[in-house]
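Engineer: Before I ask anything, here is the structure I am working with.
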Amino acid sequence: MSSTSLRRLGAPRAMSATGGWVRSLVWSALLVALMAGVYLIAVQTPWGQNLDQRAFLTLRGTGATADVPHVVGLGSVTDVRLWLVSIVAIVGLGLWAGRRLSIVPLLALPVVAILITQFLRDELLTRADFDGFSWATNTFPSGHAAAAAGCVAAIVRAAPRRIAPLLAVAGVGWLTLVSQDLMVWGWHRPSDLLGSILLAAALMHLVPGAADGAGRGATMRSRALTAALTASAAAVGPLLWAVATDHLAVAPVGLVAAVAMASLIADGGPADGRRVSRIARGTDHERVEPSDRARGQQYHRGRLTAGIE
């Protein structure tokens with residue numbers, strides 16, 4: 001294959017990579033904007049604070065701690081085994097998906113999410129005190145929820161596309177249980193949890209998505225459909241749990257988590273720079289097998305040349 005042909009093939013690939021980065025940045029910006037909206041409404045308005053606090057008080061200090069084993073709920077977030085399992089899952093699924101260098105940010109971003117939430121909560125953001133209550137201390141966003149959501153989002157982003165939806169559904173179910181525990185123990189309000197989940201997902205959009213084998217148009221359509229089905233399936237568990245246990249405060253957390261994790265499936269992102277394209281492999285490392293038509297043209301050219309000689 002000539003260098004001119006390779007340049008022609010490389011141009012669409014470069015444009016596709018640029019478009020992938022743009023889509024990823026748009027998704028990330030959208031989730032950050034939603035996080036800011038949650039903060040402005042639930043923390044900086046009287047009616048938002050009232051709604052958020054009322055939902056929180058339906059769970060705080062109740063017997064709902066018996067609904068969730070500690071090892072599955074809040075206790076799992078502070079357990080070092082969560083991080084060990086997450087590391088193994090991210091590395092293993094990343095290698096399965098053909099990743100190399102992009103595994104590194106997937107391992108780092110859950111920790112980055114925790115650090116960002118701590119800075120926002122303790123140094124930057126404030127909570128308006130409309131009623132002069134002592135509980136008006138800012139708790140937005142939640143570091144524990146950021147840790148849990150960061151691990152789930154990293155695993156979903158690392159995984160091959162064919163199993164990422166299943167991991168997203170399972171992860172959203174676990175996030176719902178952790179969120180309930182955080183409210184039951186009186187650590188965080190629903191808005192704190194929503195903000196952390198949106199932030200964690202926004203950060204993961206900055207990492208390249210897993211490779212697809214289909215064409216660009218078909219891939220975008222299939223991603224959108226798969227993401228919609230994933231969000232719907234992931235939302236079922238939290239809704240059923242909220243209704244069955246009468247803990248309706250966890251329903252919005254589960255719904256937002258379902259949409260946030262499904263967004264990682266909808267966004268293919270740019271190609272991982274360490275992946276070698278099929279064309280590049282054939283050109284630089286393997287023998288390129290000509291098509292039947294090309295073989296026929298070569299055969300007739302050879303006969304014509306032989307006749308002239």
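By convention in this document, the chains of the structure tokens carry letters A, B, ... by their order, each chain's residues are numbered from 1, and ligands are numbered from 1 in the order they are shown.
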May I have the residues within 8 Å of Pro190 in chain A as a list of chain:residue names, using only C-alpha atoms and disregarding those fewer than 2 positions away in the same chain?
Structural biologist: A:Asp52, A:Ala55, A:Phe56, A:Ser179, A:Met183, A:His188, A:Asp192, A:Leu193, A:Leu194, A:Ala249, A:Val250, A:Val253
Engineer: Check which residues of range 122-215 of chain A sit at most 6 Å from range 112-117 of chain A using only C-alpha atoms, and return one row each with the closest pair of atoms and their distance in Å to one decimal, ordered by chain and rising number, as JSON lines.
Structural biologist:
```
{"residue": "A:Pro141", "atom": "CA", "partner": "A:Thr117", "partner_atom": "CA", "distance": 5.6}
{"residue": "A:Gly143", "atom": "CA", "partner": "A:Ile114", "partner_atom": "CA", "distance": 5.2}
{"residue": "A:Ala146", "atom": "CA", "partner": "A:Ile114", "partner_atom": "CA", "distance": 5.6}
{"residue": "A:Ala147", "atom": "CA", "partner": "A:Ile114", "partner_atom": "CA", "distance": 5.9}
{"residue": "A:Ala200", "atom": "CA", "partner": "A:Ala113", "partner_atom": "CA", "distance": 5.9}
```
Engineer: What does the distance from CA of Thr226 in chain A to CA of Arg23 in chain A come to in Å, to one decimal?
Structural biologist: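 CA of Thr226 in chain A sits 17.0 Å away from CA of Arg23 in chain A.
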Engineer: Please report the interatomic distance between CA of Ala242 in chain A and CA of Val172 in chain A in Å with one decimal.
Structural biologist: 13.4 Å
Engineer: Pick out the closest residue to Ala36 in chain A from this set: A:Gly195, A:Gly92, A:Pro160, A:Pro165. Count only C-alpha atoms.
Structural biologist: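 Of the candidates, the smallest distance to Ala36 in chain A is held by A:Gly195.
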Engineer: Go through A:Pro208, A:Tyr39, A:Arg189, A:Ala128 and flag the residue nearest Gly94 in chain A, using only C-alpha atoms for the distances.
Structural biologist: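 Nearest candidate to Gly94 in chain A out of A:Pro208, A:Tyr39, A:Arg189, A:Ala128: A:Pro208.
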Engineer: Using CA of Val38 in chain A and CA of Ser196 in chain A as the two end points, give the distance in Å to one decimal.
Structural biologist: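 Result for CA of Val38 in chain A versus CA of Ser196 in chain A: 10.5 Å, one decimal.
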Engineer: Which polymer residues have any atom within 12 Å of an atom of Val207 in chain A, counting only C-alpha atoms, with same-chain residues fewer than 5 positions away left out, as a ChimeraX atom specification?
Structural biologist: /A:20-21,23-25,27-28,94,99-109,153-158,200-202,264,267-273
Engineer: For Ala97 in chain A, which residue among A:Ala210, A:Ala149, A:Ile41, A:Leu51 is the nearest when counting only C-alpha atoms?
Structural biologist: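 Nearest candidate to Ala97 in chain A out of A:Ala210, A:Ala149, A:Ile41, A:Leu51: A:Ala210.
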Engineer: Just list the residues in range 19-250 of chain A DSSP gives alpha helix (DSSP H) on the backbone, as a PyMOL selection string.
Structural biologist: chain A and resi 19-42+46-57+74-77+80-96+103-119+143-158+164-184+190-204+216-245
Engineer: A:Leu182, A:Leu57, A:Leu199, A:Cys151: which is nearest Ala33 in chain A, counting only C-alpha atoms?
Structural biologist: A:Leu199
